[in-house]
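S.K.: What follows is upload-v1.cif, mmCIF, C-alpha atoms and all ligand atoms.
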```
data_coords
#
loop_
_atom_site.label_atom_id
_atom_site.label_comp_id
_atom_site.auth_asym_id
_atom_site.auth_seq_id
_atom_site.Cartn_x
_atom_site.Cartn_y
_atom_site.Cartn_z
CA MET A 222 96.47 -10.37 212.51
CA ARG A 223 93.70 -11.20 214.95
CA LEU A 224 93.00 -14.89 215.53
CA SER A 225 89.32 -13.98 215.98
CA THR A 226 89.17 -12.95 212.31
CA LEU A 227 91.70 -15.38 210.75
CA PHE A 228 89.43 -17.56 208.59
CA THR A 229 91.54 -20.71 209.00
CA LYS A 230 91.63 -22.85 212.12
CA THR A 231 94.18 -25.15 213.68
CA ASN A 232 93.30 -28.81 214.15
CA LYS A 233 93.54 -30.81 217.37
CA GLU A 234 95.00 -33.73 215.44
CA ALA A 235 97.24 -34.15 212.44
CA PRO A 236 95.50 -35.29 209.21
CA LYS A 237 95.34 -39.09 209.01
CA ASP A 238 95.73 -39.38 205.25
CA GLU A 239 99.05 -37.55 205.17
CA LEU A 240 102.21 -39.51 205.97
CA SER A 241 104.98 -36.94 205.72
CA ILE A 242 105.85 -34.94 208.85
CA ASN A 243 106.16 -31.61 207.00
CA ALA A 244 102.67 -31.72 205.48
CA ARG A 245 101.05 -33.17 208.62
CA ILE A 246 102.36 -30.45 210.87
CA LEU A 247 101.81 -27.60 208.38
CA MET A 248 98.24 -28.76 207.76
CA GLN A 249 97.46 -29.22 211.46
CA ALA A 250 98.78 -25.74 212.27
CA GLY A 251 96.75 -24.18 209.45
CA PHE A 252 99.59 -23.18 207.09
CA ILE A 253 98.57 -25.25 204.06
CA ASP A 254 95.55 -27.13 202.78
CA LYS A 255 95.76 -30.26 200.68
CA VAL A 256 93.73 -30.06 197.47
CA SER A 257 94.91 -33.38 196.01
CA ALA A 258 98.05 -35.53 196.23
CA GLY A 259 101.05 -33.22 195.81
CA VAL A 260 98.89 -30.10 195.34
CA TYR A 261 98.43 -27.61 198.19
CA THR A 262 96.89 -24.21 198.91
CA TYR A 263 98.97 -21.80 200.97
CA LEU A 264 96.71 -20.41 203.71
CA PRO A 265 97.29 -16.93 205.22
CA LEU A 266 99.94 -18.10 207.74
CA GLY A 267 101.70 -20.33 205.21
CA PHE A 268 101.53 -17.65 202.54
CA ARG A 269 103.35 -15.20 204.83
CA VAL A 270 106.14 -17.74 205.36
CA LEU A 271 106.30 -18.41 201.63
CA LYS A 272 106.56 -14.66 200.86
CA LYS A 273 109.33 -14.24 203.42
CA ILE A 274 111.30 -17.12 201.90
CA GLU A 275 110.64 -15.65 198.45
CA ASN A 276 111.93 -12.24 199.51
CA ILE A 277 115.10 -13.67 201.03
CA ILE A 278 115.81 -15.53 197.79
CA ARG A 279 114.97 -12.45 195.69
CA GLU A 280 117.28 -10.23 197.76
CA GLU A 281 120.17 -12.66 197.42
CA MET A 282 119.62 -13.14 193.66
CA ASP A 283 119.45 -9.38 193.12
CA LYS A 284 122.68 -8.90 195.11
CA VAL A 285 124.64 -11.04 192.62
CA GLY A 286 123.15 -9.12 189.70
CA GLY A 287 120.20 -11.39 188.90
CA GLN A 288 117.48 -9.89 186.70
CA GLU A 289 113.99 -11.10 187.53
CA VAL A 290 111.47 -12.09 184.87
CA LEU A 291 108.27 -14.14 184.88
CA MET A 292 108.02 -16.77 182.17
CA PRO A 293 104.79 -18.61 181.35
CA ALA A 294 103.84 -21.98 182.83
CA LEU A 295 102.15 -22.94 179.54
CA THR A 296 104.84 -23.67 176.94
CA PRO A 297 104.59 -24.84 173.30
CA LYS A 298 105.68 -28.32 172.20
CA LYS A 299 108.07 -27.07 169.52
CA VAL A 300 110.69 -25.66 171.92
CA TRP A 301 110.77 -28.94 173.82
CA GLU A 302 111.20 -30.84 170.55
CA GLN A 303 114.14 -28.62 169.69
CA THR A 304 116.11 -29.80 172.74
CA GLY A 305 114.86 -33.40 172.51
CA ARG A 306 113.10 -33.17 175.84
CA TRP A 307 109.50 -33.55 174.62
CA GLU A 308 110.14 -37.30 174.59
CA ASN A 309 112.95 -37.58 177.12
CA PHE A 310 111.98 -35.36 180.04
CA ASP A 311 110.85 -37.43 182.98
CA ALA A 312 107.28 -36.56 184.08
CA LEU A 313 106.74 -33.63 181.70
CA PHE A 314 103.13 -32.49 182.15
CA LYS A 315 101.66 -32.53 178.60
CA LEU A 316 98.28 -31.31 177.47
CA ILE A 317 96.35 -30.53 174.30
CA GLY A 318 94.76 -27.12 173.73
CA SER A 319 91.38 -26.65 172.06
CA ASP A 320 93.42 -25.46 169.05
CA SER A 321 94.54 -29.15 168.87
CA ARG A 322 98.12 -28.08 169.54
CA GLU A 323 100.21 -29.71 172.23
CA TYR A 324 101.71 -27.90 175.20
CA ALA A 325 103.77 -28.67 178.27
CA LEU A 326 103.35 -27.12 181.70
CA GLY A 327 106.91 -26.00 182.41
CA ALA A 328 108.93 -28.25 184.73
CA THR A 329 112.01 -26.10 184.07
CA HIS A 330 112.57 -23.19 181.68
CA GLU A 331 115.73 -23.62 179.60
CA GLU A 332 113.51 -24.01 176.53
CA ILE A 333 111.96 -20.58 177.12
CA VAL A 334 114.89 -18.62 178.53
CA VAL A 335 117.39 -19.55 175.79
CA PRO A 336 115.28 -18.21 172.87
CA LEU A 337 114.55 -15.15 175.05
CA ALA A 338 118.24 -14.44 175.72
CA GLN A 339 118.99 -15.09 172.03
CA GLN A 340 116.91 -12.03 171.07
CA HIS A 341 118.88 -9.67 173.33
CA ILE A 342 122.36 -10.96 174.12
CA PHE A 343 124.63 -11.17 171.05
CA SER A 344 128.06 -9.86 171.95
CA TYR A 345 130.82 -10.55 174.47
CA LYS A 346 130.01 -7.02 175.70
CA ASP A 347 126.55 -8.24 176.82
CA LEU A 348 127.95 -11.11 178.92
CA PRO A 349 127.63 -12.41 181.56
CA VAL A 350 123.87 -12.21 182.24
CA TYR A 351 121.89 -13.84 185.05
CA ILE A 352 118.14 -14.26 184.51
CA TYR A 353 115.85 -15.67 187.18
CA GLN A 354 112.22 -16.12 188.08
CA ILE A 355 110.11 -17.34 190.99
CA GLN A 356 107.27 -19.29 189.45
CA ASP A 357 105.01 -22.34 189.49
CA LYS A 358 106.40 -25.54 188.02
CA PHE A 359 104.65 -28.81 187.18
CA ARG A 360 105.65 -32.45 187.16
CA ASN A 361 103.32 -35.22 186.14
CA GLU A 362 104.43 -37.54 188.95
CA LYS A 363 102.78 -40.96 188.90
CA ARG A 364 102.59 -40.90 192.68
CA ALA A 365 103.11 -37.65 194.51
CA LYS A 366 104.43 -38.25 198.03
CA SER A 367 106.49 -36.71 200.83
CA GLY A 368 104.06 -33.82 201.30
CA MET A 369 105.58 -30.50 200.27
CA LEU A 370 108.77 -32.19 199.09
CA ARG A 371 107.63 -33.74 195.83
CA GLY A 372 104.55 -32.06 194.48
CA ARG A 373 102.87 -32.13 191.09
CA GLU A 374 102.75 -28.33 191.23
CA PHE A 375 105.44 -26.43 193.10
CA ILE A 376 107.00 -22.99 193.30
CA MET A 377 110.61 -22.64 192.26
CA LYS A 378 113.28 -20.06 191.90
CA ASP A 379 115.20 -20.92 188.77
CA MET A 380 118.16 -18.86 187.62
CA TYR A 381 119.99 -19.26 184.30
CA SER A 382 123.45 -17.77 183.78
CA PHE A 383 124.92 -16.96 180.37
CA HIS A 384 128.71 -16.75 179.93
CA ALA A 385 131.36 -16.23 177.28
CA ASP A 386 133.41 -19.22 178.43
CA GLU A 387 133.67 -22.00 181.00
CA ALA A 388 136.16 -20.08 183.16
CA ASP A 389 133.56 -17.35 183.70
CA LEU A 390 130.87 -19.95 184.43
CA ASP A 391 133.19 -21.61 187.00
CA ILE A 392 133.66 -18.32 188.87
CA PHE A 393 129.93 -17.63 189.04
CA TYR A 394 129.14 -21.26 189.92
CA LYS A 395 131.41 -20.98 192.97
CA GLU A 396 129.86 -17.68 193.93
CA MET A 397 126.37 -19.19 193.75
CA GLN A 398 127.41 -21.88 196.23
CA LYS A 399 128.10 -19.11 198.75
CA VAL A 400 124.85 -17.33 197.88
CA TYR A 401 122.89 -20.54 198.46
CA PHE A 402 124.46 -21.02 201.89
CA LYS A 403 123.56 -17.42 202.72
CA ILE A 404 119.93 -18.17 201.81
CA PHE A 405 119.90 -21.34 203.92
CA GLU A 406 121.49 -19.45 206.81
CA ARG A 407 118.72 -16.83 206.69
CA CYS A 408 116.14 -19.64 206.54
CA GLY A 409 117.62 -21.25 209.70
CA ILE A 410 118.94 -24.50 208.19
CA LEU A 411 122.62 -23.67 207.62
CA ASP A 412 123.97 -26.06 210.27
CA SER A 413 122.21 -29.09 208.81
CA THR A 414 122.75 -28.31 205.10
CA TYR A 415 125.62 -29.77 203.06
CA LEU A 416 127.05 -29.06 199.64
CA THR A 417 126.57 -32.48 198.06
CA PHE A 418 128.35 -33.87 195.01
CA ALA A 419 125.95 -35.32 192.47
CA SER A 420 126.21 -36.64 188.94
CA GLY A 421 126.93 -33.95 186.37
CA GLY A 422 125.16 -35.86 183.60
CA ALA A 423 126.77 -36.06 180.17
CA PHE A 424 128.26 -32.56 180.21
CA SER A 425 130.04 -32.03 183.47
CA LYS A 426 131.88 -34.17 186.03
CA TYR A 427 129.69 -33.12 188.93
CA SER A 428 126.63 -31.09 189.67
CA HIS A 429 125.88 -30.03 193.22
CA GLU A 430 122.88 -30.44 195.47
CA PHE A 431 122.25 -28.73 198.77
CA GLN A 432 121.04 -31.44 201.12
CA THR A 433 119.53 -30.78 204.57
CA VAL A 434 119.91 -33.60 207.08
CA THR A 435 116.62 -34.64 208.69
CA ALA A 436 115.27 -37.99 209.88
CA ALA A 437 112.44 -37.95 207.34
CA GLY A 438 114.68 -37.15 204.36
CA GLU A 439 113.99 -39.05 201.16
CA ASP A 440 117.64 -39.15 200.00
CA ASP A 441 120.71 -40.84 201.48
CA ILE A 442 123.87 -38.75 201.56
CA TYR A 443 127.41 -39.56 202.71
CA ILE A 444 129.03 -36.80 204.75
CA CYS A 445 132.77 -36.14 205.09
CA GLY A 446 133.15 -34.72 208.61
CA ASP A 447 136.55 -33.21 207.73
CA CYS A 448 135.43 -31.25 204.66
CA LYS A 449 131.77 -30.63 205.64
CA ILE A 450 130.69 -31.77 202.21
CA ALA A 451 128.66 -34.79 201.14
CA VAL A 452 128.18 -37.20 198.24
CA ASN A 453 124.80 -38.41 197.06
CA GLU A 454 123.69 -42.03 196.70
CA GLU A 455 123.85 -41.87 192.91
CA ILE A 456 127.61 -41.36 192.67
CA ILE A 457 129.03 -42.75 195.94
CA LYS A 458 129.98 -46.08 194.28
CA ASP A 459 131.67 -44.29 191.35
CA LEU A 460 133.83 -42.49 193.94
CA ASN A 461 134.73 -45.79 195.69
CA ASN A 462 133.00 -44.52 198.85
CA LYS A 463 135.59 -41.75 199.23
CA CYS A 464 135.25 -38.01 199.80
CA PRO A 465 135.96 -36.36 196.40
CA ASN A 466 137.85 -33.60 198.20
CA CYS A 467 140.18 -35.41 200.67
CA GLU A 468 139.71 -39.12 199.86
CA ASN A 469 138.49 -39.77 203.43
CA LYS A 470 136.82 -43.22 203.48
CA HIS A 471 134.93 -42.72 206.75
CA LEU A 472 131.78 -41.03 205.52
CA ASN A 473 128.61 -40.82 207.63
CA LYS A 474 125.40 -41.92 205.95
CA GLU A 475 122.44 -39.65 206.76
CA LYS A 476 118.88 -39.09 205.55
CA ALA A 477 118.49 -35.72 203.85
CA ILE A 478 116.21 -33.51 201.77
CA GLU A 479 117.48 -31.77 198.65
CA VAL A 480 116.68 -28.06 199.09
CA GLY A 481 118.56 -26.74 196.06
CA ASN A 482 120.69 -27.73 193.11
CA ILE A 483 123.10 -26.12 190.70
CA PHE A 484 124.26 -27.40 187.30
CA LYS A 485 126.84 -26.44 184.75
CA LEU A 486 124.83 -26.78 181.55
CA LYS A 487 127.67 -25.55 179.31
CA ASP A 488 126.20 -25.58 175.75
CA ARG A 489 123.59 -28.32 176.36
CA PHE A 490 120.73 -25.87 175.70
CA SER A 491 122.40 -23.12 173.69
CA ALA A 492 123.58 -25.57 170.98
CA PRO A 493 120.10 -26.92 170.01
CA PHE A 494 118.97 -23.32 169.42
CA GLY A 495 122.17 -22.47 167.51
CA TYR A 496 122.84 -19.78 170.09
CA GLU A 497 126.26 -18.16 169.66
CA TYR A 498 127.78 -14.78 170.48
CA ILE A 499 130.43 -12.66 168.79
CA ASP A 500 133.71 -12.55 170.73
CA GLU A 501 136.27 -9.70 170.87
CA ALA A 502 138.00 -10.90 167.69
CA GLY A 503 134.69 -11.02 165.82
CA ASN A 504 134.41 -14.83 165.91
CA LYS A 505 131.24 -16.79 166.71
CA LYS A 506 131.45 -18.77 169.94
CA PRO A 507 128.90 -20.96 171.79
CA ILE A 508 127.12 -19.44 174.77
CA ILE A 509 127.96 -21.27 178.01
CA MET A 510 125.24 -21.67 180.65
CA GLY A 511 124.60 -22.64 184.24
CA CYS A 512 121.31 -23.16 186.10
CA TYR A 513 120.45 -22.81 189.77
CA GLY A 514 117.23 -24.02 191.40
CA ILE A 515 115.54 -23.78 194.79
CA GLY A 516 112.05 -25.16 195.49
CA LEU A 517 110.28 -22.72 197.82
CA GLY A 518 107.55 -25.06 199.11
CA ARG A 519 110.11 -27.80 199.50
CA LEU A 520 112.31 -25.40 201.47
CA MET A 521 109.35 -24.49 203.69
CA GLY A 522 108.58 -28.20 204.22
CA THR A 523 112.24 -28.87 205.07
CA ILE A 524 112.33 -26.02 207.58
CA ALA A 525 109.18 -27.46 209.19
CA GLU A 526 110.87 -30.88 209.40
CA VAL A 527 114.02 -29.43 210.97
CA HIS A 528 112.33 -26.92 213.29
CA HIS A 529 109.50 -28.55 215.22
CA ASP A 530 108.88 -30.50 218.41
CA ASP A 531 105.98 -32.62 219.66
CA LYS A 532 103.92 -29.48 220.33
CA GLY A 533 104.31 -27.89 216.91
CA LEU A 534 106.42 -25.63 214.72
CA ILE A 535 109.36 -23.46 215.84
CA TRP A 536 109.94 -20.86 213.11
CA PRO A 537 113.37 -19.28 212.55
CA LYS A 538 113.03 -15.52 213.06
CA GLU A 539 113.50 -14.34 209.46
CA ILE A 540 110.73 -16.50 208.03
CA THR A 541 108.22 -16.72 210.87
CA PRO A 542 104.70 -15.62 209.87
CA TYR A 543 104.68 -13.30 212.90
CA THR A 544 107.39 -12.53 215.44
CA VAL A 545 105.05 -12.33 218.43
CA HIS A 546 102.09 -14.48 219.44
CA LEU A 547 100.12 -12.32 221.88
CA ILE A 548 97.61 -13.99 224.20
CA GLU A 549 95.10 -12.36 226.51
CA VAL A 550 94.13 -14.59 229.44
CA ASN A 551 90.62 -13.62 230.50
CA ALA A 552 89.70 -12.99 234.13
CA LYS A 553 86.35 -13.72 235.80
CA ASP A 554 86.11 -10.26 237.30
CA VAL A 555 84.57 -7.91 234.70
CA GLU A 556 86.63 -4.88 235.61
CA GLU A 557 89.85 -6.88 235.70
CA ASN A 558 88.95 -8.50 232.39
CA ASN A 559 88.41 -5.10 230.76
CA LYS A 560 91.82 -3.99 231.97
CA ILE A 561 93.42 -7.09 230.43
CA LYS A 562 91.65 -6.51 227.14
CA LEU A 563 92.61 -2.82 226.99
CA THR A 564 96.25 -3.62 227.77
CA ALA A 565 96.43 -6.39 225.18
CA GLU A 566 94.80 -4.17 222.51
CA LYS A 567 97.27 -1.36 223.24
CA LEU A 568 100.19 -3.79 223.13
CA TYR A 569 98.97 -5.16 219.79
CA LYS A 570 98.82 -1.66 218.35
CA ASP A 571 102.13 -0.46 219.83
CA LEU A 572 104.12 -3.51 218.71
CA GLN A 573 102.80 -3.24 215.17
CA GLU A 574 103.64 0.45 215.11
CA SER A 575 107.24 -0.41 216.01
CA GLY A 576 107.34 -2.74 213.02
CA ILE A 577 106.89 -6.04 214.87
CA GLY A 578 104.56 -8.64 213.32
CA VAL A 579 101.94 -9.77 215.86
CA LEU A 580 99.45 -12.62 215.83
CA PHE A 581 96.92 -11.61 218.48
CA ASP A 582 94.80 -14.27 220.16
CA ASP A 583 91.83 -12.07 221.00
CA ARG A 584 89.27 -14.87 220.94
CA GLY A 585 88.17 -14.01 224.48
CA ASP A 586 86.52 -16.71 226.60
CA ASN A 587 85.14 -18.51 223.51
CA VAL A 588 88.37 -20.49 223.65
CA SER A 589 89.98 -21.96 226.77
CA THR A 590 93.32 -20.61 227.94
CA GLY A 591 94.82 -24.08 227.51
CA ALA A 592 93.71 -24.19 223.87
CA LYS A 593 95.20 -20.73 223.25
CA PHE A 594 98.56 -21.83 224.64
CA ALA A 595 98.45 -25.05 222.61
CA ASP A 596 97.75 -23.04 219.43
CA ALA A 597 100.69 -20.73 220.16
CA ASP A 598 102.99 -23.76 220.41
CA LEU A 599 101.48 -25.37 217.31
CA ILE A 600 101.77 -22.24 215.12
CA GLY A 601 105.30 -21.67 216.38
CA CYS A 602 105.97 -17.91 216.38
CA PRO A 603 109.36 -17.39 218.08
CA MET A 604 108.01 -15.30 220.98
CA ARG A 605 104.88 -15.65 223.10
CA LEU A 606 103.53 -12.71 225.12
CA VAL A 607 100.83 -13.22 227.74
CA VAL A 608 98.71 -10.55 229.39
CA SER A 609 96.85 -11.83 232.46
CA GLU A 610 95.63 -10.67 235.86
CA ARG A 611 98.89 -11.88 237.39
CA THR A 612 101.14 -10.05 234.92
CA LEU A 613 99.12 -6.83 235.22
CA ASN A 614 99.47 -6.90 239.00
CA ASN A 615 103.19 -6.48 238.25
CA ASP A 616 102.64 -3.90 235.46
CA SER A 617 104.17 -6.55 233.26
CA VAL A 618 103.75 -8.97 230.40
CA GLU A 619 105.04 -12.53 230.41
CA ILE A 620 107.54 -13.35 227.66
CA LYS A 621 108.48 -16.87 226.61
CA LYS A 622 110.56 -17.94 223.64
CA ARG A 623 109.08 -20.86 221.68
CA ASN A 624 112.35 -22.83 221.85
CA GLU A 625 112.97 -22.23 225.58
CA GLU A 626 111.10 -23.22 228.73
CA GLU A 627 111.99 -20.15 230.77
CA LYS A 628 109.36 -17.41 231.24
CA GLU A 629 110.12 -13.85 232.17
CA LEU A 630 108.06 -10.88 233.33
CA VAL A 631 108.89 -7.68 231.48
CA LYS A 632 107.55 -4.24 232.45
CA LEU A 633 104.92 -2.99 230.01
CA LYS A 634 106.85 0.18 229.24
CA HIS A 635 109.93 -1.83 228.11
CA ILE A 636 108.13 -4.43 226.07
CA ALA A 637 108.68 -3.08 222.53
CA ARG A 638 112.40 -2.64 223.25
CA ASP A 639 112.73 -6.13 224.75
CA VAL A 640 110.91 -7.84 221.90
CA LYS A 641 113.20 -6.16 219.39
ZN ZN A 701 136.67 -34.77 202.80
#
```
So, in terms of structure tokens, how does the structure I just supplied come out?
M.R.:
Amino acid sequence: MRLSTLFTKTNKEAPKDELSINARILMQAGFIDKVSAGVYTYLPLGFRVLKKIENIIREEMDKVGGQEVLMPALTPKKVWEQTGRWENFDALFKLIGSDSREYALGATHEEIVVPLAQQHIFSYKDLPVYIYQIQDKFRNEKRAKSGMLRGREFIMKDMYSFHADEADLDIFYKEMQKVYFKIFERCGILDSTYLTFASGGAFSKYSHEFQTVTAAGEDDIYICGDCKIAVNEEIIKDLNNKCPNCENKHLNKEKAIEVGNIFKLKDRFSAPFGYEYIDEAGNKKPIIMGCYGIGLGRLMGTIAEVHHDDKGLIWPKEITPYTVHLIEVNAKDVEENNKIKLTAEKLYKDLQESGIGVLFDDRGDNVSTGAKFADADLIGCPMRLVVSERTLNNDSVEIKKRNEEEKELVKLKHIARDVK
């Protein structure tokens, strides 16, 4: 992508009406645009990050046998009445169609996926099944806040697992904990993310959240340093301030953001639909379920909170919009300047041909060199390449990693190899 043609611009200052760090920095760097409170547009740079996060999640879901579907956002009232959630679901976004019927914009999809599974999965031979989607969700929050963390519209991966019994659910539930950590590892937040015990509601002792420690987190968690697990605020008193694993009483309180959650639903949603299967002996048994969520925008916001400094973003390599930020530094001498331009153009082409994503600052002398460098830091690609009169005198390009101060001259002929 050429910065001369990218239709969005960075801003010199962070937006004044936005309080949360994640939204401020992502807006300033031109990744998202705020449409209204809790509602954002993903701009080209932000959309690339979103798609990379989406693909990581999709790959990991597919690896455990997940089958992807896309359910509608617009859902009829009657399925929500069947589970009792039309009245009881917090912040369900309700609306009336011109047919005078009532609808909800889906905040979660048990009410759609259970009747769907019911049409196809009848026998113990069909089980287990894991159905997931990556889709827009809605919550009618009274006050949307915390930028990307608590939106009125947000993109989620939600998976629903269907099992013959609780033992099978328990095995898959454990496996999904590992899968979630794999996703957070690939997204660059493994070290600061904790499996966190949360209330299981009426049907299970615990559910689990994945909480990422960051100063701007909206939740308080209590970390056991011995077990590397945490407990959330909601249940810490019920546990007498002890680690549920080792009874350690010296837990560290930290601010954190919830980046994922997993629940054992058991028959909470299969029972209201009368959903049973036929077991090996020919008897009817209740279908047992689990559900597994990750908010993609929330994850992107969390990564921005964890990986930035006072100059801007510092993207982990698997989810960066581009690997390389290439800058041409213009020279006064016309002939020298042409040489710089030709070299930078060739580098742009060669790197892309070797499969490396490049954001090319080709804005010439319309933009000062200082502003180009500031934009590179703000946008936060992991590697900055500079072509200038000085580097060309050495047949070289200057390489600098976004998270390091050290600069290095690398010979032009070795550059694709060194970037890789
Ligand atoms: Zn412990």
S.K.: One decimal, in Å: what's the spacing between CA of Gly514 in chain A and CA of Tyr353 in chain A?
M.R.: 9.5 Å
S.K.: Could you check which of A:Ile317, A:Cys464, A:Leu630, A:Met282 is closest to Thr417 in chain A, using all atoms listed in the file?
M.R.: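 The shortest atom-to-atom distance to Thr417 in chain A comes from A:Cys464.
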S.K.: Sort by chain and increasing residue number a table of all residues of chain A within 8 Å of ligand ZN 701 (chain A), each with its closest pair of atoms and their distance in Å to one decimal, counting only C-alpha atoms and all ligand atoms, and write it as JSON lines.
M.R.:
```
{"residue": "A:Cys445", "atom": "CA", "partner": "A:ZN701", "partner_atom": "ZN", "distance": 4.7}
{"residue": "A:Gly446", "atom": "CA", "partner": "A:ZN701", "partner_atom": "ZN", "distance": 6.8}
{"residue": "A:Asp447", "atom": "CA", "partner": "A:ZN701", "partner_atom": "ZN", "distance": 5.2}
{"residue": "A:Cys448", "atom": "CA", "partner": "A:ZN701", "partner_atom": "ZN", "distance": 4.2}
{"residue": "A:Lys449", "atom": "CA", "partner": "A:ZN701", "partner_atom": "ZN", "distance": 7.0}
{"residue": "A:Ile450", "atom": "CA", "partner": "A:ZN701", "partner_atom": "ZN", "distance": 6.7}
{"residue": "A:Lys463", "atom": "CA", "partner": "A:ZN701", "partner_atom": "ZN", "distance": 7.9}
{"residue": "A:Cys464", "atom": "CA", "partner": "A:ZN701", "partner_atom": "ZN", "distance": 4.6}
{"residue": "A:Pro465", "atom": "CA", "partner": "A:ZN701", "partner_atom": "ZN", "distance": 6.6}
{"residue": "A:Asn466", "atom": "CA", "partner": "A:ZN701", "partner_atom": "ZN", "distance": 4.9}
{"residue": "A:Cys467", "atom": "CA", "partner": "A:ZN701", "partner_atom": "ZN", "distance": 4.2}
{"residue": "A:Glu468", "atom": "CA", "partner": "A:ZN701", "partner_atom": "ZN", "distance": 6.1}
{"residue": "A:Asn469", "atom": "CA", "partner": "A:ZN701", "partner_atom": "ZN", "distance": 5.4}
```
S.K.: Hey, can you check how far CA of Ser420 in chain A sits from CA of Phe383 in chain A?
M.R.: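 Distance between the two atoms: 21.5 Å.
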S.K.: Within 12 Å of (130.5, -12.1, 177.1), all atoms listed in the file: residues as a ChimeraX atom specification?
M.R.: /A:342-351,382-390,497-501,505-510
S.K.: What is the CA of Asp616 in chain A-CA of Lys567 in chain A distance in Å, reported with one decimal?
M.R.: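 So the answer is 13.6 Å.
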S.K.: Using only C-alpha atoms for the distances, tell me which of A:Tyr394, A:Phe431, A:Phe484, A:Phe418 is nearest to Asp459 in chain A.
M.R.: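 Checking each of A:Tyr394, A:Phe431, A:Phe484, A:Phe418 against Asp459 in chain A, counting only C-alpha atoms, the winner is A:Phe418.
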S.K.: (106.5, -26.4, 178.7) in this file's frame - what residues fall within 6 Å of it? Use only C-alpha atoms and give the answer as a CSV table (one decimal) with C-alpha atoms, in the coordinates of the input.
M.R.:
```csv
chain,number,residue,atom,x,y,z
A,295,LEU,CA,102.2,-22.9,179.5
A,296,THR,CA,104.8,-23.7,176.9
A,297,PRO,CA,104.6,-24.8,173.3
A,325,ALA,CA,103.8,-28.7,178.3
A,326,LEU,CA,103.4,-27.1,181.7
A,327,GLY,CA,106.9,-26.0,182.4
```
S.K.: Which residues come within 9 Å of Tyr569 in chain A, counting only C-alpha atoms, excluding same-chain residues fewer than 2 positions away, as a list in words?
M.R.: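 What passes the distance filter is Leu547, Thr564, Ala565, Glu566, Lys567, Asp571, Leu572, Gln573, Glu574, Val579, Leu580 and Phe581 of chain A.
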S.K.: Using only C-alpha atoms, pick whichever of A:Ile355, A:Phe405, A:Val640, A:Ala294 has the shortest atom-to-atom distance to Ile333 in chain A.
M.R.: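 Closest candidate: A:Ala294.
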S.K.: Give the answer as one residue: which of A:Glu332, A:Glu629, A:Asp586, A:Glu430 has the shortest atom-to-atom distance to Leu416 in chain A, using all atoms listed in the file?
M.R.: A:Glu430
S.K.: Which residues are close to Val607 in chain A, i.e. within 6 Å by all atoms listed in the file, leaving aside same-chain residues fewer than 3 positions away? Reply as an MDAnalysis selection string.
M.R.: chainID A and resid 547:549 618:619
